[in-house]
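Coordinates as given in run-v1.cif (mmCIF, C-alpha atoms):
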data_final
#
loop_
_atom_site.group_PDB
_atom_site.id
_atom_site.type_symbol
_atom_site.label_atom_id
_atom_site.label_comp_id
_atom_site.auth_asym_id
_atom_site.auth_seq_id
_atom_site.Cartn_x
_atom_site.Cartn_y
_atom_site.Cartn_z
ATOM 1 C CA MET A 6 30.144 82.170 154.505
ATOM 2 C CA LYS A 7 29.627 80.667 151.056
ATOM 3 C CA LEU A 8 30.357 76.971 150.619
ATOM 4 C CA SER A 9 33.000 77.710 147.960
ATOM 5 C CA LYS A 10 34.927 79.957 150.366
ATOM 6 C CA ARG A 11 34.741 77.379 153.148
ATOM 7 C CA ILE A 12 36.144 74.764 150.779
ATOM 8 C CA LEU A 13 38.964 77.055 149.649
ATOM 9 C CA ARG A 14 39.885 77.738 153.283
ATOM 10 C CA SER A 15 39.885 74.035 154.099
ATOM 11 C CA THR A 16 43.332 72.720 155.003
ATOM 12 C CA PHE A 17 42.513 69.422 153.285
ATOM 13 C CA PHE A 18 41.537 71.196 150.046
ATOM 14 C CA GLN A 19 44.606 73.467 150.145
ATOM 15 C CA ASN A 20 46.882 70.454 150.646
ATOM 16 C CA LEU A 21 45.197 68.632 147.761
ATOM 17 C CA ILE A 22 45.621 71.563 145.368
ATOM 18 C CA ALA A 23 49.224 72.020 146.513
ATOM 19 C CA ARG A 24 49.963 68.356 145.847
ATOM 20 C CA LEU A 25 48.514 68.586 142.337
ATOM 21 C CA ILE A 26 50.552 71.727 141.587
ATOM 22 C CA SER A 27 53.831 70.289 142.879
ATOM 23 C CA SER A 28 53.249 67.030 140.977
ATOM 24 C CA TYR A 29 52.775 68.954 137.746
ATOM 25 C CA ILE A 30 55.891 71.071 138.355
ATOM 26 C CA SER A 31 57.879 67.876 138.947
ATOM 27 C CA LEU A 32 56.554 66.457 135.680
ATOM 28 C CA VAL A 33 57.647 69.590 133.803
ATOM 29 C CA ARG A 34 61.055 69.631 135.489
ATOM 30 C CA SER A 35 61.787 66.025 134.575
ATOM 31 C CA THR A 36 60.371 65.825 131.035
ATOM 32 C CA VAL A 37 61.253 69.169 129.441
ATOM 33 C CA ARG A 38 64.583 69.257 127.581
ATOM 34 C CA TRP A 39 66.067 72.357 129.155
ATOM 35 C CA GLN A 40 68.755 74.639 127.773
ATOM 36 C CA GLU A 41 70.361 77.153 130.126
ATOM 37 C CA ILE A 42 72.042 80.392 129.062
ATOM 38 C CA VAL A 43 74.240 81.919 131.773
ATOM 39 C CA PRO A 44 76.689 84.861 131.464
ATOM 40 C CA ASP A 45 80.109 84.099 132.928
ATOM 41 C CA GLU A 46 79.805 86.730 135.661
ATOM 42 C CA THR A 47 76.486 85.215 136.749
ATOM 43 C CA ARG A 48 77.756 81.637 136.651
ATOM 44 C CA LYS A 49 80.409 82.571 139.207
ATOM 45 C CA HIS A 50 77.632 83.331 141.694
ATOM 46 C CA LEU A 51 75.601 80.232 140.862
ATOM 47 C CA ASN A 52 78.627 77.961 141.202
ATOM 48 C CA GLY A 53 80.043 79.733 144.242
ATOM 49 C CA ASP A 54 78.294 81.861 146.840
ATOM 50 C CA SER A 55 74.637 80.838 146.702
ATOM 51 C CA SER A 56 73.467 83.848 148.727
ATOM 52 C CA ILE A 57 71.812 85.753 145.879
ATOM 53 C CA ILE A 58 68.466 87.400 145.116
ATOM 54 C CA GLY A 59 66.882 85.725 142.096
ATOM 55 C CA CYS A 60 64.196 87.827 140.396
ATOM 56 C CA PHE A 61 61.685 86.597 137.815
ATOM 57 C CA TRP A 62 58.250 87.655 136.637
ATOM 58 C CA HIS A 63 55.220 86.174 138.379
ATOM 59 C CA ALA A 64 53.973 84.553 135.152
ATOM 60 C CA ARG A 65 57.161 82.474 134.777
ATOM 61 C CA MET A 66 57.143 81.049 138.298
ATOM 62 C CA ILE A 67 56.601 77.366 137.435
ATOM 63 C CA MET A 68 59.618 77.234 135.127
ATOM 64 C CA MET A 69 61.922 78.994 137.547
ATOM 65 C CA PHE A 70 62.181 76.004 139.858
ATOM 66 C CA ASN A 71 64.295 74.430 137.132
ATOM 67 C CA ALA A 72 66.806 77.287 137.437
ATOM 68 C CA TRP A 73 68.136 75.876 140.719
ATOM 69 C CA LYS A 74 70.062 72.623 140.898
ATOM 70 C CA ASP A 75 68.520 69.756 142.845
ATOM 71 C CA SER A 76 71.427 69.969 145.291
ATOM 72 C CA ASP A 77 70.528 73.622 146.005
ATOM 73 C CA ARG A 78 66.820 73.087 146.698
ATOM 74 C CA SER A 79 67.102 73.438 150.464
ATOM 75 C CA LYS A 80 69.029 76.717 150.052
ATOM 76 C CA PHE A 81 66.358 78.333 147.865
ATOM 77 C CA HIS A 82 63.668 80.357 149.687
ATOM 78 C CA MET A 83 60.733 81.808 147.768
ATOM 79 C CA LEU A 84 59.108 85.008 149.044
ATOM 80 C CA ILE A 85 55.399 84.211 149.381
ATOM 81 C CA SER A 86 52.386 86.341 150.331
ATOM 82 C CA ALA A 87 50.522 85.493 153.527
ATOM 83 C CA HIS A 88 47.247 85.476 151.538
ATOM 84 C CA ARG A 89 45.324 82.206 151.081
ATOM 85 C CA ASP A 90 46.645 81.778 147.530
ATOM 86 C CA GLY A 91 50.144 82.361 148.863
ATOM 87 C CA ARG A 92 49.703 79.575 151.410
ATOM 88 C CA VAL A 93 48.755 77.115 148.659
ATOM 89 C CA ILE A 94 51.794 78.141 146.614
ATOM 90 C CA ALA A 95 53.986 77.805 149.715
ATOM 91 C CA LYS A 96 52.749 74.247 150.320
ATOM 92 C CA SER A 97 53.401 73.410 146.663
ATOM 93 C CA ILE A 98 56.955 74.739 146.835
ATOM 94 C CA GLU A 99 57.698 72.946 150.079
ATOM 95 C CA ASN A 100 56.436 69.684 148.542
ATOM 96 C CA LEU A 101 59.230 70.085 145.977
ATOM 97 C CA GLY A 102 61.896 70.401 148.666
ATOM 98 C CA PHE A 103 62.271 74.189 148.465
ATOM 99 C CA ASN A 104 61.654 76.639 151.311
ATOM 100 C CA THR A 105 59.553 79.775 151.640
ATOM 101 C CA VAL A 106 59.738 83.141 153.381
ATOM 102 C CA GLU A 107 56.483 84.873 154.237
ATOM 103 C CA GLY A 108 56.188 88.538 153.405
ATOM 104 C CA SER A 109 54.335 91.106 151.353
ATOM 105 C CA SER A 110 55.083 94.437 149.703
ATOM 106 C CA ARG A 111 51.573 95.528 150.675
ATOM 107 C CA ARG A 112 51.519 94.451 154.316
ATOM 108 C CA GLY A 113 54.411 94.271 156.716
ATOM 109 C CA GLY A 114 57.000 95.179 154.079
ATOM 110 C CA ALA A 115 59.609 96.058 156.708
ATOM 111 C CA THR A 116 59.124 92.678 158.394
ATOM 112 C CA ALA A 117 59.548 90.936 155.047
ATOM 113 C CA LEU A 118 62.865 92.726 154.488
ATOM 114 C CA VAL A 119 64.124 91.634 157.900
ATOM 115 C CA ASN A 120 63.132 88.023 157.125
ATOM 116 C CA LEU A 121 64.894 88.208 153.763
ATOM 117 C CA LYS A 122 68.077 89.567 155.356
ATOM 118 C CA ARG A 123 68.126 86.781 157.937
ATOM 119 C CA THR A 124 67.681 84.194 155.210
ATOM 120 C CA LEU A 125 70.431 85.650 153.010
ATOM 121 C CA ASP A 126 72.825 86.040 155.964
ATOM 122 C CA LYS A 127 72.574 82.279 156.469
ATOM 123 C CA GLY A 128 73.944 81.706 152.966
ATOM 124 C CA ASN A 129 70.624 80.971 151.307
ATOM 125 C CA ALA A 130 69.146 82.232 148.028
ATOM 126 C CA ILE A 131 65.941 84.241 147.774
ATOM 127 C CA GLY A 132 63.424 84.122 144.932
ATOM 128 C CA ILE A 133 61.289 87.240 144.371
ATOM 129 C CA THR A 134 58.621 88.041 141.785
ATOM 130 C CA PRO A 135 59.056 91.832 141.577
ATOM 131 C CA ASP A 136 55.684 92.322 139.848
ATOM 132 C CA GLY A 137 53.784 90.120 142.319
ATOM 133 C CA PRO A 138 51.481 89.357 143.871
ATOM 134 C CA LYS A 139 48.973 91.353 141.789
ATOM 135 C CA GLY A 140 50.885 93.494 139.317
ATOM 136 C CA PRO A 141 51.157 95.631 137.350
ATOM 137 C CA ARG A 142 52.451 92.947 134.994
ATOM 138 C CA MET A 143 56.169 92.954 134.216
ATOM 139 C CA ARG A 144 56.748 96.187 136.144
ATOM 140 C CA ALA A 145 59.275 95.826 138.967
ATOM 141 C CA LYS A 146 58.508 97.074 142.458
ATOM 142 C CA THR A 147 61.274 98.241 144.777
ATOM 143 C CA GLY A 148 61.291 95.312 147.239
ATOM 144 C CA ALA A 149 64.172 93.447 145.600
ATOM 145 C CA ILE A 150 66.180 96.663 145.313
ATOM 146 C CA LYS A 151 65.742 97.411 149.023
ATOM 147 C CA ALA A 152 66.675 93.826 149.931
ATOM 148 C CA ALA A 153 69.852 94.075 147.845
ATOM 149 C CA GLN A 154 70.680 97.450 149.397
ATOM 150 C CA MET A 155 70.177 96.137 152.934
ATOM 151 C CA THR A 156 72.159 92.920 152.462
ATOM 152 C CA GLY A 157 74.794 93.769 149.854
ATOM 153 C CA ARG A 158 73.772 90.661 147.892
ATOM 154 C CA PRO A 159 73.515 90.765 144.093
ATOM 155 C CA ILE A 160 70.223 90.570 142.219
ATOM 156 C CA LEU A 161 70.248 87.978 139.429
ATOM 157 C CA PRO A 162 67.429 88.401 136.864
ATOM 158 C CA VAL A 163 66.231 85.132 135.330
ATOM 159 C CA THR A 164 63.425 84.072 133.028
ATOM 160 C CA GLY A 165 62.351 81.192 130.838
ATOM 161 C CA THR A 166 59.783 79.622 128.568
ATOM 162 C CA VAL A 167 58.988 76.390 126.758
ATOM 163 C CA ALA A 168 58.145 75.591 123.140
ATOM 164 C CA LYS A 169 54.628 74.426 123.993
ATOM 165 C CA ARG A 170 52.670 76.366 126.565
ATOM 166 C CA LYS A 171 49.341 77.856 127.564
ATOM 167 C CA VAL A 172 49.104 81.580 128.340
ATOM 168 C CA PHE A 173 46.165 82.461 130.574
ATOM 169 C CA ASN A 174 44.205 85.707 130.407
ATOM 170 C CA SER A 175 45.123 86.549 134.003
ATOM 171 C CA TRP A 176 46.620 89.845 135.216
ATOM 172 C CA ASP A 177 50.146 88.435 134.743
ATOM 173 C CA ARG A 178 49.416 86.393 131.575
ATOM 174 C CA PHE A 179 50.463 83.300 133.499
ATOM 175 C CA VAL A 180 52.491 80.826 131.448
ATOM 176 C CA LEU A 181 51.681 77.139 131.978
ATOM 177 C CA PRO A 182 54.454 75.030 130.432
ATOM 178 C CA ALA A 183 53.583 71.745 128.762
ATOM 179 C CA PRO A 184 55.610 68.630 129.627
ATOM 180 C CA PHE A 185 57.624 66.679 127.058
ATOM 181 C CA THR A 186 58.827 69.712 125.104
ATOM 182 C CA LYS A 187 61.875 71.995 124.853
ATOM 183 C CA GLY A 188 62.568 74.815 127.277
ATOM 184 C CA VAL A 189 65.090 77.553 127.954
ATOM 185 C CA ILE A 190 66.247 79.313 131.127
ATOM 186 C CA ILE A 191 68.063 82.620 130.560
ATOM 187 C CA TRP A 192 69.973 84.461 133.274
ATOM 188 C CA GLY A 193 70.852 88.142 133.215
ATOM 189 C CA THR A 194 73.853 89.897 134.703
ATOM 190 C CA PRO A 195 74.217 90.780 138.408
ATOM 191 C CA ILE A 196 72.809 94.028 139.757
ATOM 192 C CA TYR A 197 74.623 95.417 142.808
ATOM 193 C CA VAL A 198 72.832 98.090 144.835
ATOM 194 C CA GLU A 199 74.980 100.473 146.852
ATOM 195 C CA ARG A 200 74.257 100.607 150.578
ATOM 196 C CA ASP A 201 73.890 104.392 150.499
ATOM 197 C CA ALA A 202 71.897 104.540 147.244
ATOM 198 C CA SER A 203 69.599 107.562 147.066
ATOM 199 C CA LYS A 204 65.962 107.314 146.024
ATOM 200 C CA GLU A 205 66.951 108.398 142.527
ATOM 201 C CA GLN A 206 69.631 105.697 142.374
ATOM 202 C CA GLN A 207 67.182 103.095 143.704
ATOM 203 C CA GLU A 208 64.815 104.017 140.881
ATOM 204 C CA ALA A 209 67.650 103.578 138.373
ATOM 205 C CA TYR A 210 68.381 100.100 139.773
ATOM 206 C CA ARG A 211 64.672 99.249 139.668
ATOM 207 C CA LEU A 212 64.546 100.236 136.015
ATOM 208 C CA GLU A 213 67.667 98.188 135.287
ATOM 209 C CA LEU A 214 66.022 95.127 136.829
ATOM 210 C CA GLU A 215 62.766 95.723 134.925
ATOM 211 C CA ASN A 216 64.572 96.275 131.635
ATOM 212 C CA GLN A 217 66.782 93.207 132.023
ATOM 213 C CA LEU A 218 63.830 90.965 132.851
ATOM 214 C CA ASN A 219 61.740 92.249 129.957
ATOM 215 C CA ASN A 220 64.610 91.944 127.482
ATOM 216 C CA LEU A 221 65.471 88.430 128.681
ATOM 217 C CA THR A 222 61.815 87.366 128.550
ATOM 218 C CA GLN A 223 61.491 88.711 125.008
ATOM 219 C CA MET A 224 64.646 86.830 124.043
ATOM 220 C CA ALA A 225 63.306 83.593 125.518
ATOM 221 C CA ASP A 226 59.938 83.869 123.760
ATOM 222 C CA GLN A 227 61.546 84.792 120.440
ATOM 223 C CA SER A 228 63.770 81.708 120.618
ATOM 224 C CA PHE A 229 60.631 79.597 120.079
ATOM 225 C CA GLY A 230 58.909 82.031 117.725
ATOM 226 C CA GLN A 231 56.218 82.896 120.260
ATOM 227 C CA ASN A 232 54.075 86.005 120.339
ATOM 228 C CA LEU A 233 55.473 88.450 122.872
ATOM 229 C CA ILE A 234 53.706 89.218 126.135
ATOM 230 C CA GLN A 235 53.967 92.934 126.808
ATOM 231 C CA PRO A 236 54.221 94.739 130.183
ATOM 232 C CA ASP A 237 51.207 96.594 131.524
ATOM 233 C CA PRO A 238 50.952 100.162 130.170
ATOM 234 C CA LEU A 239 52.688 102.797 132.250
ATOM 235 C CA PRO A 240 50.891 105.743 133.826
ATOM 236 C CA VAL A 241 51.040 108.753 131.524
ATOM 237 C CA SER A 242 53.251 110.638 133.988
ATOM 238 C CA SER A 243 55.858 107.846 133.882
ATOM 239 C CA ALA A 244 55.785 107.078 130.184
ATOM 240 C CA ASN A 245 58.794 109.235 129.355
ATOM 241 C CA THR A 246 61.099 107.630 131.916
ATOM 242 C CA HIS A 247 60.369 103.927 131.415
ATOM 243 C CA LEU A 248 60.391 101.339 128.652
ATOM 244 C CA ASN A 249 58.359 102.152 125.586
ATOM 245 C CA HIS A 250 55.133 100.157 125.491
ATOM 246 C CA THR A 251 53.792 98.448 122.400
ATOM 247 C CA PRO A 252 50.342 96.864 122.010
ATOM 248 C CA GLU A 253 50.071 93.382 123.448
ATOM 249 C CA THR A 254 49.535 90.383 121.199
ATOM 250 C CA SER A 255 47.876 87.177 122.272
ATOM 251 C CA ASP A 256 49.839 83.940 122.478
ATOM 252 C CA ALA A 257 48.485 81.191 120.257
ATOM 253 C CA ASN A 258 50.757 78.464 121.643
ATOM 254 C CA THR A 259 49.013 75.764 123.613
#
Show me, as structure tokens, the structure contained in the file I just sent.
Amino acid sequence: MKLSKRILRSTFFQNLIARLISSYISLVRSTVRWQEIVPDETRKHLNGDSSIIGCFWHARMIMMFNAWKDSDRSKFHMLISAHRDGRVIAKSIENLGFNTVEGSSRRGGATALVNLKRTLDKGNAIGITPDGPKGPRMRAKTGAIKAAQMTGRPILPVTGTVAKRKVFNSWDRFVLPAPFTKGVIIWGTPIYVERDASKEQQEAYRLELENQLNNLTQMADQSFGQNLIQPDPLPVSSANTHLNHTPETSDANT
């Protein structure tokens, strides 16, 4: 085994990286001047029953921890992959006082759904990145839809950005927010999935989630005059039934 892989698998190294990540997230949370935009029908859920399914794109993950109040940290559970990178992210999240649920849309998807249902039934909130863990970027998978169908809990789309940021050339165009700047968190409207929804109806809900998240993300980026990050292109066979795709532009904000 290569030395680099042994280091990455080291518990000490994983804990160190996790501590650095959580420290940076805390810095962003405490120094960014946040504005929050919440529709009335969504605010009722955030102020009342906390058992919801929050969905946000993988690239916006760091900023999303500001979407939950400090008093609700222990009730928020982030769905995390069992992969090595997922374990580091899980440690980072737990350092911040949040919780995690292990699961994957690629492996053990049924087990993940059962874990999500148990967590929601206890009155907790779930955070899901519907385009994670490896894309395609800004294209929703069906996991959140199936979780909402199984549990009867609403999906709440949410996104955000900051005025000063770094956009990486990764598969998701990961957004690293700078501290000491302005930021915005924008919530969408609830999506309720019927228990007996057919496959065609599930696809319609999936598209609704994808469209809401992309529209909200565009709105957030435009509020600071930033270049827009576009979703991955659709397969040719799906192009007529999904969002229109426009060429991606690079983000010059740093």
Taking 6 positions as the minimum chain separation for residues in the same chain, which residues sit within 12 Å of Thr164 of chain A when counting all atoms listed in the file? Answer as an MDAnalysis selection string. chainID A and resid 41:43 59:72 132:134 143 180 188:193 214:215 217:226
Convert the output of the PyMOL selection byres ((chain A and resi 200) around 7) on the shown file into explicit residues, formatted as an NGL selection string. :A and (154-155 or 157 or 198-199 or 201-202)
Go ahead and write the residues just picked, C-alpha atoms, as an mmCIF file, keeping the file's coordinate frame.
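The resulting part-v5.cif:
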data_model
loop_
_atom_site.group_PDB
_atom_site.id
_atom_site.type_symbol
_atom_site.label_atom_id
_atom_site.label_comp_id
_atom_site.auth_asym_id
_atom_site.auth_seq_id
_atom_site.Cartn_x
_atom_site.Cartn_y
_atom_site.Cartn_z
ATOM 1 C CA GLN A 154 70.680 97.450 149.397
ATOM 2 C CA MET A 155 70.177 96.137 152.934
ATOM 3 C CA GLY A 157 74.794 93.769 149.854
ATOM 4 C CA VAL A 198 72.832 98.090 144.835
ATOM 5 C CA GLU A 199 74.980 100.473 146.852
ATOM 6 C CA ASP A 201 73.890 104.392 150.499
ATOM 7 C CA ALA A 202 71.897 104.540 147.244
#
Provide the atom CA of Ile94 of chain A to atom CA of Trp73 of chain A distance in Å, to one decimal place. 17.5 Å
At what distance in Å, to one decimal, does atom CA of Ala95 of chain A lie from atom CA of Ile196 of chain A?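 It comes out at 26.8 Å.
Distances to Thr116 of chain A were evaluated for A:Gly137, A:Ser79, A:Ile234, A:Ala152 using all atoms listed in the file, and the minimum falls at A:Ala152.
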Which residue gives the smallest distance to Ala168 of chain A among A:Trp39, A:Tyr210, A:Tyr197, A:Phe103, with all atoms listed in the file counted?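 Closest to Ala168 of chain A, using all atoms listed in the file: A:Trp39.
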Taking the file above as input, evaluate the PyMOL selection byres ((chain A and resi 118) around 8) and report the hits as a list in words.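 Against this file, the PyMOL selection byres ((chain A and resi 118) around 8) returns the residues Gly108, Gly114, Ala115, Thr116, Ala117, Val119, Asn120, Leu121, Lys122, Gly148, Lys151 and Ala152 of chain A.
You will find atom CA of Asp237 of chain A at 7.2 Å from atom CA of Arg144 of chain A.
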Residue members of the PyMOL selection byres ((chain A and resi 24) around 12) in the file shown, as number ranges by chain: A: 17-23, 25-31, 93-101
From A:Ser56, A:Gln207, A:Thr105, A:Thr166, residue lying nearest Gln40 of chain A [all atoms listed in the file]: A:Thr166
If you count only C-alpha atoms, which residues fall within 9 Å of Trp176 of chain A, apart from same-chain ones fewer than 4 positions away, as a list of chain:residue names? A:Lys139, A:Gly140, A:Pro141, A:Arg142, A:Asp237
Using only C-alpha atoms: which of A:Lys171, A:Arg92, A:Arg78, A:Arg158 has the shortest distance to Leu125 of chain A: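 Closest residue, counting only C-alpha atoms: A:Arg158.
Closest to Glu205 of chain A among A:Asn174, A:Thr47, A:Thr147, A:Asn104 is A:Thr147, based on only C-alpha atoms.
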Of the listed residues A:His82, A:Ser175, A:Leu181, A:Val167, that which approaches Phe229 of chain A most closely, counting only C-alpha atoms: A:Val167
Please identify all polymer residues within 8 Å of Leu212 of chain A, counting only C-alpha atoms, omitting same-chain residues fewer than 3 positions from it, and present them as a ChimeraX atom specification. /A:145,208-209,215-216,247
Centre and edge lengths, as lines of an AutoDock Vina configuration file, for the axis-aligned box enclosing every listed atom of segment 231-242 of chain A with 4 Å of padding on each of the six sides, in Å to one decimal?
center_x = 53.6
center_y = 96.8
center_z = 127.1
size_x = 13.3
size_y = 35.7
size_z = 21.7
